[in-house]
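Remarks on the structure that follows.
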Amino acid sequence: MDTAIISARGVAMSFRDGAGGRTRAVDGVDLTVTRGEVLALLGPNGAGKTTLLDIILGLTAPESGEVLVDGGTPQAAVQAGRLSALLQTGGLLPDLTAAETVRMVAALHRDPADVDDVIDIAGVRSFASRPVGKCSGGQQQRLRFALALLPRPEIIILDEPTAGMDVSARHEFWERMRTQADDGVTVIFATHYLEEAEQFARRTVLMDRGRVLADGATDEVRSRAGAAHVAVTWTPTPEEVEALPHVLSVTSEGPRVSFRTDDADTLARHLLTGTDAHGLTVRPASLEEAFRLLTETPAEETTEVRS
């Protein structure tokens, strides 16, 4: 039986908007996360992702609702070392080296992980002797990751963890995070890189305007785009296109024609057996398409796509 390690019920938070009113950053969010899950939190700027993560971490108290982490308060989980985070910003002392920073923060914990192990796991070894102020943005993120590992957390929350990293560094970071997830650590991350969610998250939650729009297995959330794409090499007449089944839209570039369809199997069969189209390829809708579709539609209620 799955055990909830994070439970949020009816969480709401608003901020002054500068015009005498208030903007609701989080609007009645319900969220349950079970042990060992890897969950991506996606949404456009202003969707409420960072505010929700701050509430789960106990950095912000909600105006209404309740968050429990392992049955207690977020603050208790942080103090016990069960809950840790890698945030976009954080006070790093520029004159200390990366290794000195890890050792200094380790001394603040009751039972820290081995400093050398953490430096290796987080990929800090190559710049361990460099002053933090001379580290790149991506290197500073890796250093924050090392600090997040020191308390041996059961839950790691990541807010835009690969900001400032190049493609190679991002790939390396997620390989290291995958090791943590395989060891049973619960991982919740917010990211603008949708491919990171597709490749790493087992569950995806889409947010917009403070509300949850979709919540489920990443593949199932991606299918919310409601279509696949079939491409062929073909020069059809308008009448031939009109006769095709299950076509939602058509685009062409030279001899290559792409169809957005709600039944790829039927359309592909028709193209291969009833026309002279060739070079057929099929690809599923992407998470980015589901993201655009759901966030461009007014939010009315949560779409539950869990099986």
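All residue names refer to the structure tokens as shown: chains lettered A, B, ... in order, residues numbered from 1 in each chain, ligands numbered from 1 in order.
Residues within 8 Å of Ser249 of chain A, counting only C-alpha atoms and excluding same-chain residues fewer than 5 positions away, are Phe259, Arg260 and Thr261 of chain A.
Near segment 269-285 of chain A, within 8 Å and counting only C-alpha atoms, sit Arg222, Ser223, Ala225, Gly226, Ala227, Ala228, His229, Val230, Ala231, Val232, Thr233, Trp234, Thr235, Leu244, Pro245, Ala264, Asp265, Glu289 and Ala290 of chain A; same-chain residues fewer than 4 positions away were not included.
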Suppose we keep N, CA and C atoms; can you now write the selection as a short mmCIF file (atom, residue, chain, number, x, y, z; two decimals), in the first residue's frame?
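Once everything was written out, this is result.cif:
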```cif
data_model
loop_
_atom_site.label_atom_id
_atom_site.label_comp_id
_atom_site.auth_asym_id
_atom_site.auth_seq_id
_atom_site.Cartn_x
_atom_site.Cartn_y
_atom_site.Cartn_z
N ARG A 222 0.65 13.61 -20.85
CA ARG A 222 1.03 13.94 -22.23
C ARG A 222 -0.11 13.59 -23.19
N SER A 223 -0.82 12.51 -22.93
CA SER A 223 -1.92 12.10 -23.81
C SER A 223 -3.10 13.07 -23.75
N ALA A 225 -3.03 15.95 -24.63
CA ALA A 225 -3.02 16.74 -25.86
C ALA A 225 -4.01 16.18 -26.86
N GLY A 226 -4.44 14.94 -26.64
CA GLY A 226 -5.54 14.36 -27.39
C GLY A 226 -5.25 14.04 -28.83
N ALA A 227 -3.99 13.94 -29.20
CA ALA A 227 -3.68 13.70 -30.60
C ALA A 227 -2.28 13.14 -30.75
N ALA A 228 -2.07 12.55 -31.92
CA ALA A 228 -0.73 12.14 -32.32
C ALA A 228 -0.44 12.82 -33.65
N HIS A 229 0.76 12.60 -34.17
CA HIS A 229 1.16 13.22 -35.44
C HIS A 229 1.61 12.15 -36.41
N VAL A 230 1.04 12.17 -37.59
CA VAL A 230 1.40 11.24 -38.66
C VAL A 230 1.96 12.07 -39.81
N ALA A 231 3.15 11.72 -40.28
CA ALA A 231 3.77 12.44 -41.39
C ALA A 231 4.07 11.48 -42.53
N VAL A 232 3.88 11.96 -43.75
CA VAL A 232 4.14 11.15 -44.94
C VAL A 232 4.74 12.02 -46.04
N THR A 233 5.36 11.36 -46.98
CA THR A 233 5.77 12.02 -48.22
C THR A 233 4.66 11.77 -49.24
N TRP A 234 4.05 12.87 -49.71
CA TRP A 234 2.84 12.72 -50.52
C TRP A 234 2.47 14.09 -51.09
N THR A 235 1.89 14.07 -52.27
CA THR A 235 1.37 15.32 -52.86
C THR A 235 -0.11 15.12 -53.14
N LEU A 244 -9.61 11.96 -45.85
CA LEU A 244 -8.86 11.26 -44.82
C LEU A 244 -9.64 11.20 -43.50
N PRO A 245 -9.59 10.07 -42.82
CA PRO A 245 -10.31 9.95 -41.53
C PRO A 245 -9.49 10.48 -40.36
N ALA A 264 -4.34 7.68 -34.74
CA ALA A 264 -3.19 7.50 -35.61
C ALA A 264 -3.23 6.17 -36.36
N ASP A 265 -3.71 5.11 -35.71
CA ASP A 265 -3.73 3.80 -36.36
C ASP A 265 -4.64 3.80 -37.59
N GLU A 289 2.88 19.95 -25.86
CA GLU A 289 1.57 20.20 -26.47
C GLU A 289 0.46 20.11 -25.44
N ALA A 290 0.55 19.12 -24.55
CA ALA A 290 -0.44 19.02 -23.48
C ALA A 290 -0.37 20.25 -22.58
#
```
- Message: I need the residue nearest Met13 of chain A from this list: A:Gln141, A:Ser64, A:Thr34, A:Thr97. Use only C-alpha atoms for the distance.
- Response: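 Ranking A:Gln141, A:Ser64, A:Thr34, A:Thr97 by distance to Met13 of chain A, first place goes to A:Ser64.
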- Contacts of segment 162-179 of chain A within 9 Å, only C-alpha atoms, excl. fewer than 4 positions in-chain, as a ChimeraX atom specification: /A:88,121-123,136-142,183-184,187,191,193,196,200
Same residues, C-alpha atoms, output as a PDB file, in the first residue's frame:
```
ATOM      1  CA  GLN A  88      16.998  28.812  -7.394  1.00  0.00           C
ATOM      2  CA  ILE A 121      27.638  12.441  -5.671  1.00  0.00           C
ATOM      3  CA  ALA A 122      26.793  16.067  -6.505  1.00  0.00           C
ATOM      4  CA  GLY A 123      29.625  16.440  -9.028  1.00  0.00           C
ATOM      5  CA  SER A 136      29.627  29.413 -12.703  1.00  0.00           C
ATOM      6  CA  GLY A 137      25.875  29.443 -12.151  1.00  0.00           C
ATOM      7  CA  GLY A 138      25.676  25.748 -12.969  1.00  0.00           C
ATOM      8  CA  GLN A 139      28.516  24.923 -10.571  1.00  0.00           C
ATOM      9  CA  GLN A 140      26.778  26.858  -7.797  1.00  0.00           C
ATOM     10  CA  GLN A 141      23.625  24.829  -8.448  1.00  0.00           C
ATOM     11  CA  ARG A 142      25.626  21.617  -8.088  1.00  0.00           C
ATOM     12  CA  ASP A 183      17.568   4.672  -3.748  1.00  0.00           C
ATOM     13  CA  GLY A 184      13.999   5.539  -2.709  1.00  0.00           C
ATOM     14  CA  VAL A 187      11.809  13.889  -5.553  1.00  0.00           C
ATOM     15  CA  THR A 191      11.203  23.112 -14.147  1.00  0.00           C
ATOM     16  CA  TYR A 193      12.471  22.365 -19.337  1.00  0.00           C
ATOM     17  CA  GLU A 196      13.300  17.046 -18.181  1.00  0.00           C
ATOM     18  CA  PHE A 200      12.777  11.942 -15.505  1.00  0.00           C
TER      19      PHE A 200
END
```
- Task: Pull the strand (DSSP E) assignments for segment 22-262 of chain A out of DSSP run on the backbone, and list those residues as a PyMOL selection string.
- Result: chain A and resi 22-34+38-42+64-69+83-86+155-159+186-190+203-208+211-217+228-233+247-253+256-261
- May I ask for the distance between atom CA of Arg110 of chain A and atom CA of Ala98 of chain A, given in Å to one decimal place?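 Taking atom CA of Arg110 of chain A and atom CA of Ala98 of chain A, their separation equals 20.8 Å.
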- Task: Find the residues around Val67 of chain A up to 10 Å (only C-alpha atoms counted), leave out those fewer than 4 positions away in its own chain, and share them as a PyMOL selection string.
- Result: chain A and resi 6-11+30-32+55-58+61-62+71-74
Expected file contents, prior selection, N, CA, C and O atoms, as an mmCIF file, in the first residue's frame:
```cif
data_model
loop_
_atom_site.group_PDB
_atom_site.id
_atom_site.type_symbol
_atom_site.label_atom_id
_atom_site.label_comp_id
_atom_site.auth_asym_id
_atom_site.auth_seq_id
_atom_site.Cartn_x
_atom_site.Cartn_y
_atom_site.Cartn_z
ATOM 1 N N ILE A 6 3.777 13.335 1.749
ATOM 2 C CA ILE A 6 3.367 14.746 1.733
ATOM 3 C C ILE A 6 1.878 14.801 1.446
ATOM 4 O O ILE A 6 1.387 14.141 0.525
ATOM 5 N N SER A 7 1.164 15.572 2.231
ATOM 6 C CA SER A 7 -0.273 15.739 2.034
ATOM 7 C C SER A 7 -0.621 17.216 2.146
ATOM 8 O O SER A 7 -0.374 17.836 3.188
ATOM 9 N N ALA A 8 -1.163 17.777 1.085
ATOM 10 C CA ALA A 8 -1.621 19.171 1.080
ATOM 11 C C ALA A 8 -3.121 19.160 0.821
ATOM 12 O O ALA A 8 -3.588 18.521 -0.118
ATOM 13 N N ARG A 9 -3.866 19.876 1.642
ATOM 14 C CA ARG A 9 -5.322 19.909 1.525
ATOM 15 C C ARG A 9 -5.826 21.351 1.555
ATOM 16 O O ARG A 9 -5.625 22.063 2.539
ATOM 17 N N GLY A 10 -6.463 21.766 0.461
ATOM 18 C CA GLY A 10 -7.085 23.081 0.401
ATOM 19 C C GLY A 10 -6.130 24.241 0.603
ATOM 20 O O GLY A 10 -6.497 25.281 1.162
ATOM 21 N N VAL A 11 -4.895 24.084 0.122
ATOM 22 C CA VAL A 11 -3.865 25.102 0.369
ATOM 23 C C VAL A 11 -4.102 26.329 -0.506
ATOM 24 O O VAL A 11 -4.259 26.216 -1.733
ATOM 25 N N ASP A 30 -4.966 20.671 -3.685
ATOM 26 C CA ASP A 30 -4.889 19.380 -2.995
ATOM 27 C C ASP A 30 -3.803 18.557 -3.687
ATOM 28 O O ASP A 30 -3.799 18.433 -4.912
ATOM 29 N N LEU A 31 -2.903 18.008 -2.905
ATOM 30 C CA LEU A 31 -1.799 17.235 -3.483
ATOM 31 C C LEU A 31 -1.329 16.197 -2.477
ATOM 32 O O LEU A 31 -1.058 16.527 -1.318
ATOM 33 N N THR A 32 -1.243 14.953 -2.930
ATOM 34 C CA THR A 32 -0.698 13.881 -2.100
ATOM 35 C C THR A 32 0.471 13.246 -2.839
ATOM 36 O O THR A 32 0.360 12.904 -4.016
ATOM 37 N N ILE A 55 5.557 26.633 0.536
ATOM 38 C CA ILE A 55 4.617 26.206 1.580
ATOM 39 C C ILE A 55 4.946 24.795 2.051
ATOM 40 O O ILE A 55 4.943 24.496 3.250
ATOM 41 N N ILE A 56 5.254 23.897 1.106
ATOM 42 C CA ILE A 56 5.610 22.521 1.477
ATOM 43 C C ILE A 56 6.878 22.498 2.320
ATOM 44 O O ILE A 56 7.029 21.678 3.234
ATOM 45 N N LEU A 57 7.797 23.431 2.052
ATOM 46 C CA LEU A 57 9.044 23.502 2.801
ATOM 47 C C LEU A 57 8.893 24.232 4.139
ATOM 48 O O LEU A 57 9.845 24.265 4.937
ATOM 49 N N GLY A 58 7.730 24.820 4.364
ATOM 50 C CA GLY A 58 7.533 25.562 5.592
ATOM 51 C C GLY A 58 8.127 26.951 5.581
ATOM 52 O O GLY A 58 8.207 27.610 6.624
ATOM 53 N N ALA A 61 3.724 30.311 5.288
ATOM 54 C CA ALA A 61 2.529 29.719 5.897
ATOM 55 C C ALA A 61 1.324 30.022 5.008
ATOM 56 O O ALA A 61 1.115 31.171 4.610
ATOM 57 N N PRO A 62 0.518 29.013 4.660
ATOM 58 C CA PRO A 62 -0.649 29.275 3.805
ATOM 59 C C PRO A 62 -1.716 30.068 4.560
ATOM 60 O O PRO A 62 -1.803 30.000 5.792
ATOM 61 N N GLY A 71 3.460 13.160 8.268
ATOM 62 C CA GLY A 71 2.564 13.215 9.411
ATOM 63 C C GLY A 71 2.755 14.396 10.336
ATOM 64 O O GLY A 71 1.976 14.581 11.280
ATOM 65 N N GLY A 72 3.774 15.226 10.101
ATOM 66 C CA GLY A 72 4.034 16.388 10.954
ATOM 67 C C GLY A 72 4.140 17.655 10.137
ATOM 68 O O GLY A 72 3.804 17.690 8.956
ATOM 69 N N THR A 73 4.618 18.699 10.748
ATOM 70 C CA THR A 73 4.747 19.971 10.049
ATOM 71 C C THR A 73 5.957 19.958 9.124
ATOM 72 O O THR A 73 6.917 19.208 9.359
ATOM 73 N N PRO A 74 5.942 20.793 8.083
ATOM 74 C CA PRO A 74 7.138 20.903 7.242
ATOM 75 C C PRO A 74 8.372 21.310 8.037
ATOM 76 O O PRO A 74 9.472 20.799 7.796
#
```
- Note on the structure: Nearest to Asp54 of chain A, restricted to only C-alpha atoms and choosing among A:Arg82, A:Arg35, A:Ile5, A:Asp159, comes out as A:Asp159
In segment 50-276 of chain A, DSSP helix (DSSP H, G or I) residues written as a compact mmCIF listing (two decimals) with N, CA and C atoms, in the first residue's frame:
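As written to disk, states_34.txt reads:
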```
# COMPACT_ATOMS: atom_id res chain seq x y z
N THR A 50 6.41 27.91 -7.35
CA THR A 50 7.39 28.25 -6.31
C THR A 50 6.70 28.52 -4.98
N THR A 51 5.56 29.20 -5.01
CA THR A 51 4.82 29.45 -3.77
C THR A 51 4.38 28.15 -3.12
N LEU A 52 3.90 27.20 -3.92
CA LEU A 52 3.49 25.91 -3.38
C LEU A 52 4.68 25.18 -2.77
N LEU A 53 5.83 25.20 -3.45
CA LEU A 53 7.01 24.55 -2.90
C LEU A 53 7.46 25.22 -1.61
N ASP A 54 7.39 26.55 -1.55
CA ASP A 54 7.75 27.26 -0.32
C ASP A 54 6.84 26.85 0.84
N ILE A 55 5.56 26.63 0.54
CA ILE A 55 4.62 26.21 1.58
C ILE A 55 4.95 24.79 2.05
N ILE A 56 5.25 23.90 1.11
CA ILE A 56 5.61 22.52 1.48
C ILE A 56 6.88 22.50 2.32
N PRO A 74 5.94 20.79 8.08
CA PRO A 74 7.14 20.90 7.24
C PRO A 74 8.37 21.31 8.04
N GLN A 75 8.21 22.23 8.99
CA GLN A 75 9.35 22.69 9.78
C GLN A 75 9.98 21.54 10.55
N ALA A 76 9.15 20.65 11.11
CA ALA A 76 9.68 19.51 11.86
C ALA A 76 10.45 18.57 10.94
N ALA A 77 9.95 18.38 9.71
CA ALA A 77 10.63 17.51 8.75
C ALA A 77 11.98 18.09 8.34
N VAL A 78 12.04 19.41 8.16
CA VAL A 78 13.31 20.07 7.82
C VAL A 78 14.30 19.94 8.98
N GLN A 79 13.83 20.21 10.18
CA GLN A 79 14.71 20.15 11.35
C GLN A 79 15.25 18.75 11.58
N ALA A 98 34.24 25.77 -2.62
CA ALA A 98 33.07 24.88 -2.64
C ALA A 98 33.19 23.82 -1.55
N ALA A 99 34.38 23.23 -1.41
CA ALA A 99 34.57 22.19 -0.39
C ALA A 99 34.41 22.76 1.01
N GLU A 100 34.95 23.95 1.26
CA GLU A 100 34.81 24.57 2.58
C GLU A 100 33.34 24.84 2.90
N THR A 101 32.58 25.21 1.88
CA THR A 101 31.15 25.46 2.08
C THR A 101 30.44 24.18 2.52
N VAL A 102 30.74 23.08 1.85
CA VAL A 102 30.10 21.80 2.20
C VAL A 102 30.48 21.41 3.62
N ARG A 103 31.75 21.54 3.98
CA ARG A 103 32.19 21.16 5.32
C ARG A 103 31.55 22.05 6.39
N MET A 104 31.45 23.35 6.12
CA MET A 104 30.87 24.26 7.09
C MET A 104 29.40 23.93 7.34
N VAL A 105 28.63 23.69 6.26
CA VAL A 105 27.21 23.38 6.42
C VAL A 105 27.04 22.00 7.06
N ALA A 106 27.92 21.06 6.73
CA ALA A 106 27.84 19.73 7.34
C ALA A 106 27.96 19.82 8.86
N VAL A 115 31.13 14.05 3.91
CA VAL A 115 31.36 15.22 3.06
C VAL A 115 31.97 14.81 1.72
N ASP A 116 32.97 13.94 1.74
CA ASP A 116 33.60 13.53 0.48
C ASP A 116 32.62 12.79 -0.42
N ASP A 117 31.76 11.96 0.18
CA ASP A 117 30.75 11.25 -0.62
C ASP A 117 29.80 12.23 -1.28
N VAL A 118 29.36 13.22 -0.51
CA VAL A 118 28.42 14.21 -1.04
C VAL A 118 29.06 15.02 -2.15
N ILE A 119 30.31 15.40 -1.99
CA ILE A 119 31.02 16.16 -3.02
C ILE A 119 31.09 15.36 -4.32
N ASP A 120 31.32 14.05 -4.20
CA ASP A 120 31.37 13.21 -5.40
C ASP A 120 29.99 12.99 -6.00
N ILE A 121 28.99 12.70 -5.17
CA ILE A 121 27.64 12.44 -5.67
C ILE A 121 27.09 13.64 -6.42
N ARG A 125 33.45 17.71 -7.14
CA ARG A 125 34.88 17.43 -6.99
C ARG A 125 35.75 18.26 -7.93
N SER A 126 35.34 18.45 -9.17
CA SER A 126 36.19 19.12 -10.16
C SER A 126 36.42 20.60 -9.85
N PHE A 127 35.57 21.20 -9.02
CA PHE A 127 35.78 22.61 -8.66
C PHE A 127 35.76 22.81 -7.15
N VAL A 132 33.64 30.07 -4.20
CA VAL A 132 32.27 30.05 -4.69
C VAL A 132 31.99 31.23 -5.61
N GLY A 133 32.56 32.40 -5.29
CA GLY A 133 32.33 33.59 -6.11
C GLY A 133 32.87 33.47 -7.52
N LYS A 134 33.77 32.51 -7.76
CA LYS A 134 34.32 32.30 -9.10
C LYS A 134 33.73 31.08 -9.80
N GLY A 137 27.22 29.65 -12.68
CA GLY A 137 25.88 29.44 -12.15
C GLY A 137 25.54 27.97 -12.02
N GLY A 138 25.94 27.18 -13.02
CA GLY A 138 25.68 25.75 -12.97
C GLY A 138 26.46 25.06 -11.86
N GLN A 139 27.71 25.50 -11.65
CA GLN A 139 28.52 24.92 -10.57
C GLN A 139 27.91 25.27 -9.20
N GLN A 140 27.41 26.48 -9.06
CA GLN A 140 26.78 26.86 -7.80
C GLN A 140 25.51 26.04 -7.55
N GLN A 141 24.79 25.70 -8.62
CA GLN A 141 23.63 24.83 -8.45
C GLN A 141 24.05 23.44 -7.99
N ARG A 142 25.14 22.93 -8.53
CA ARG A 142 25.63 21.62 -8.09
C ARG A 142 26.08 21.67 -6.63
N LEU A 143 26.66 22.81 -6.23
CA LEU A 143 27.04 22.98 -4.84
C LEU A 143 25.80 22.99 -3.94
N ARG A 144 24.75 23.68 -4.36
CA ARG A 144 23.51 23.67 -3.58
C ARG A 144 22.93 22.25 -3.49
N PHE A 145 23.08 21.49 -4.55
CA PHE A 145 22.63 20.10 -4.55
C PHE A 145 23.40 19.32 -3.49
N ALA A 146 24.71 19.52 -3.42
CA ALA A 146 25.52 18.86 -2.39
C ALA A 146 25.03 19.22 -0.99
N LEU A 147 24.73 20.49 -0.78
CA LEU A 147 24.24 20.92 0.54
C LEU A 147 22.90 20.28 0.86
N ALA A 148 22.07 20.10 -0.17
CA ALA A 148 20.76 19.48 0.05
C ALA A 148 20.88 18.01 0.43
N LEU A 149 21.98 17.36 0.04
CA LEU A 149 22.17 15.94 0.35
C LEU A 149 22.74 15.70 1.74
N VAL A 167 23.75 21.99 -21.55
CA VAL A 167 23.05 20.74 -21.84
C VAL A 167 23.77 19.55 -21.21
N SER A 168 25.10 19.52 -21.31
CA SER A 168 25.86 18.41 -20.76
C SER A 168 25.72 18.35 -19.24
N ALA A 169 25.81 19.51 -18.60
CA ALA A 169 25.70 19.56 -17.13
C ALA A 169 24.29 19.17 -16.68
N ARG A 170 23.28 19.57 -17.46
CA ARG A 170 21.91 19.19 -17.11
C ARG A 170 21.74 17.68 -17.17
N HIS A 171 22.28 17.06 -18.21
CA HIS A 171 22.18 15.61 -18.36
C HIS A 171 22.88 14.91 -17.18
N GLU A 172 24.07 15.39 -16.83
CA GLU A 172 24.82 14.80 -15.72
C GLU A 172 24.05 14.96 -14.40
N PHE A 173 23.45 16.15 -14.21
CA PHE A 173 22.70 16.38 -12.98
C PHE A 173 21.56 15.38 -12.83
N TRP A 174 20.80 15.16 -13.91
CA TRP A 174 19.66 14.25 -13.81
C TRP A 174 20.09 12.80 -13.65
N GLU A 175 21.25 12.44 -14.19
CA GLU A 175 21.77 11.10 -13.94
C GLU A 175 22.05 10.92 -12.44
N ARG A 176 22.58 11.96 -11.83
CA ARG A 176 22.86 11.89 -10.39
C ARG A 176 21.55 11.86 -9.59
N MET A 177 20.56 12.63 -10.02
CA MET A 177 19.28 12.62 -9.33
C MET A 177 18.57 11.29 -9.49
N ARG A 178 18.75 10.66 -10.65
CA ARG A 178 18.11 9.36 -10.87
C ARG A 178 18.64 8.33 -9.88
N THR A 179 19.92 8.43 -9.54
CA THR A 179 20.49 7.54 -8.53
C THR A 179 19.80 7.74 -7.19
N GLN A 180 19.55 9.01 -6.83
CA GLN A 180 18.85 9.28 -5.57
C GLN A 180 17.44 8.68 -5.60
N ALA A 181 16.74 8.86 -6.72
CA ALA A 181 15.38 8.33 -6.84
C ALA A 181 15.38 6.81 -6.78
N ASP A 182 16.37 6.19 -7.42
CA ASP A 182 16.45 4.72 -7.39
C ASP A 182 16.71 4.20 -5.98
N LEU A 194 10.58 21.18 -20.31
CA LEU A 194 9.58 20.11 -20.34
C LEU A 194 10.20 18.76 -20.66
N GLU A 195 11.31 18.76 -21.40
CA GLU A 195 11.94 17.48 -21.71
C GLU A 195 12.49 16.82 -20.45
N GLU A 196 12.84 17.63 -19.44
CA GLU A 196 13.30 17.05 -18.18
C GLU A 196 12.17 16.27 -17.50
N ALA A 197 10.98 16.85 -17.54
CA ALA A 197 9.82 16.15 -16.96
C ALA A 197 9.53 14.87 -17.73
N GLU A 198 9.59 14.94 -19.07
CA GLU A 198 9.31 13.76 -19.88
C GLU A 198 10.30 12.63 -19.62
N GLN A 199 11.56 13.00 -19.43
CA GLN A 199 12.60 11.98 -19.30
C GLN A 199 12.76 11.47 -17.88
N PHE A 200 12.43 12.30 -16.88
CA PHE A 200 12.78 11.94 -15.50
C PHE A 200 11.57 11.70 -14.61
N THR A 218 3.14 10.72 -16.10
CA THR A 218 3.60 11.66 -17.13
C THR A 218 3.09 11.28 -18.52
N ASP A 219 3.11 10.00 -18.86
CA ASP A 219 2.63 9.56 -20.17
C ASP A 219 1.14 9.88 -20.34
N GLU A 220 0.37 9.75 -19.26
CA GLU A 220 -1.06 10.00 -19.34
C GLU A 220 -1.36 11.50 -19.44
N VAL A 221 -0.58 12.31 -18.75
CA VAL A 221 -0.74 13.76 -18.87
C VAL A 221 -0.40 14.20 -20.29
N ARG A 222 0.65 13.61 -20.85
CA ARG A 222 1.03 13.94 -22.23
C ARG A 222 -0.11 13.59 -23.19
N SER A 223 -0.82 12.51 -22.93
CA SER A 223 -1.92 12.10 -23.81
C SER A 223 -3.10 13.07 -23.75
N ARG A 224 -3.10 13.98 -22.77
CA ARG A 224 -4.16 14.98 -22.69
C ARG A 224 -4.13 15.92 -23.88
N ALA A 225 -3.03 15.95 -24.63
CA ALA A 225 -3.02 16.74 -25.86
C ALA A 225 -4.01 16.18 -26.86
N PRO A 238 -6.70 18.43 -52.77
CA PRO A 238 -7.57 18.84 -51.66
C PRO A 238 -8.66 17.81 -51.38
N GLU A 239 -9.15 17.15 -52.42
CA GLU A 239 -10.20 16.15 -52.23
C GLU A 239 -9.66 14.93 -51.46
N GLU A 240 -8.42 14.53 -51.76
CA GLU A 240 -7.83 13.39 -51.05
C GLU A 240 -7.63 13.72 -49.57
N VAL A 241 -7.21 14.93 -49.29
CA VAL A 241 -7.05 15.33 -47.88
C VAL A 241 -8.40 15.33 -47.19
N GLU A 242 -9.41 15.84 -47.86
CA GLU A 242 -10.75 15.92 -47.29
C GLU A 242 -11.30 14.53 -46.95
N ALA A 264 -4.34 7.68 -34.74
CA ALA A 264 -3.19 7.50 -35.61
C ALA A 264 -3.23 6.17 -36.36
N ASP A 265 -3.71 5.11 -35.71
CA ASP A 265 -3.73 3.80 -36.36
C ASP A 265 -4.64 3.80 -37.59
N THR A 266 -5.85 4.35 -37.44
CA THR A 266 -6.80 4.36 -38.56
C THR A 266 -6.28 5.23 -39.70
N LEU A 267 -5.73 6.40 -39.36
CA LEU A 267 -5.22 7.29 -40.40
C LEU A 267 -4.04 6.65 -41.11
N ALA A 268 -3.12 6.07 -40.38
CA ALA A 268 -1.95 5.44 -41.00
C ALA A 268 -2.36 4.31 -41.93
N ARG A 269 -3.32 3.50 -41.49
CA ARG A 269 -3.79 2.39 -42.32
C ARG A 269 -4.38 2.91 -43.63
N HIS A 270 -5.17 3.97 -43.53
CA HIS A 270 -5.78 4.55 -44.73
C HIS A 270 -4.70 5.10 -45.68
N LEU A 271 -3.73 5.79 -45.14
CA LEU A 271 -2.68 6.38 -45.97
C LEU A 271 -1.87 5.31 -46.70
N LEU A 272 -1.58 4.21 -46.01
CA LEU A 272 -0.74 3.18 -46.59
C LEU A 272 -1.49 2.27 -47.56
N THR A 273 -2.79 2.10 -47.36
CA THR A 273 -3.55 1.17 -48.20
C THR A 273 -4.43 1.87 -49.23
N GLY A 274 -4.76 3.15 -48.99
CA GLY A 274 -5.70 3.81 -49.88
C GLY A 274 -5.13 4.97 -50.65
```
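The residue that comes closest to Val26 of chain A, out of A:Val185, A:Leu158, A:Leu41, A:Ala12 and on the basis of only C-alpha atoms, is A:Ala12.
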- Message: Just to confirm, what's the straight-line distance from atom CA of Leu39 of chain A to atom CA of Ile188 of chain A in Å (one decimal)?
- Response: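 If I compute the distance from atom CA of Leu39 of chain A to atom CA of Ile188 of chain A, I get 4.8 Å.
Straight-line separation from atom CA of Ala201 of chain A to atom CA of Phe189 of chain A: 8.7 Å.
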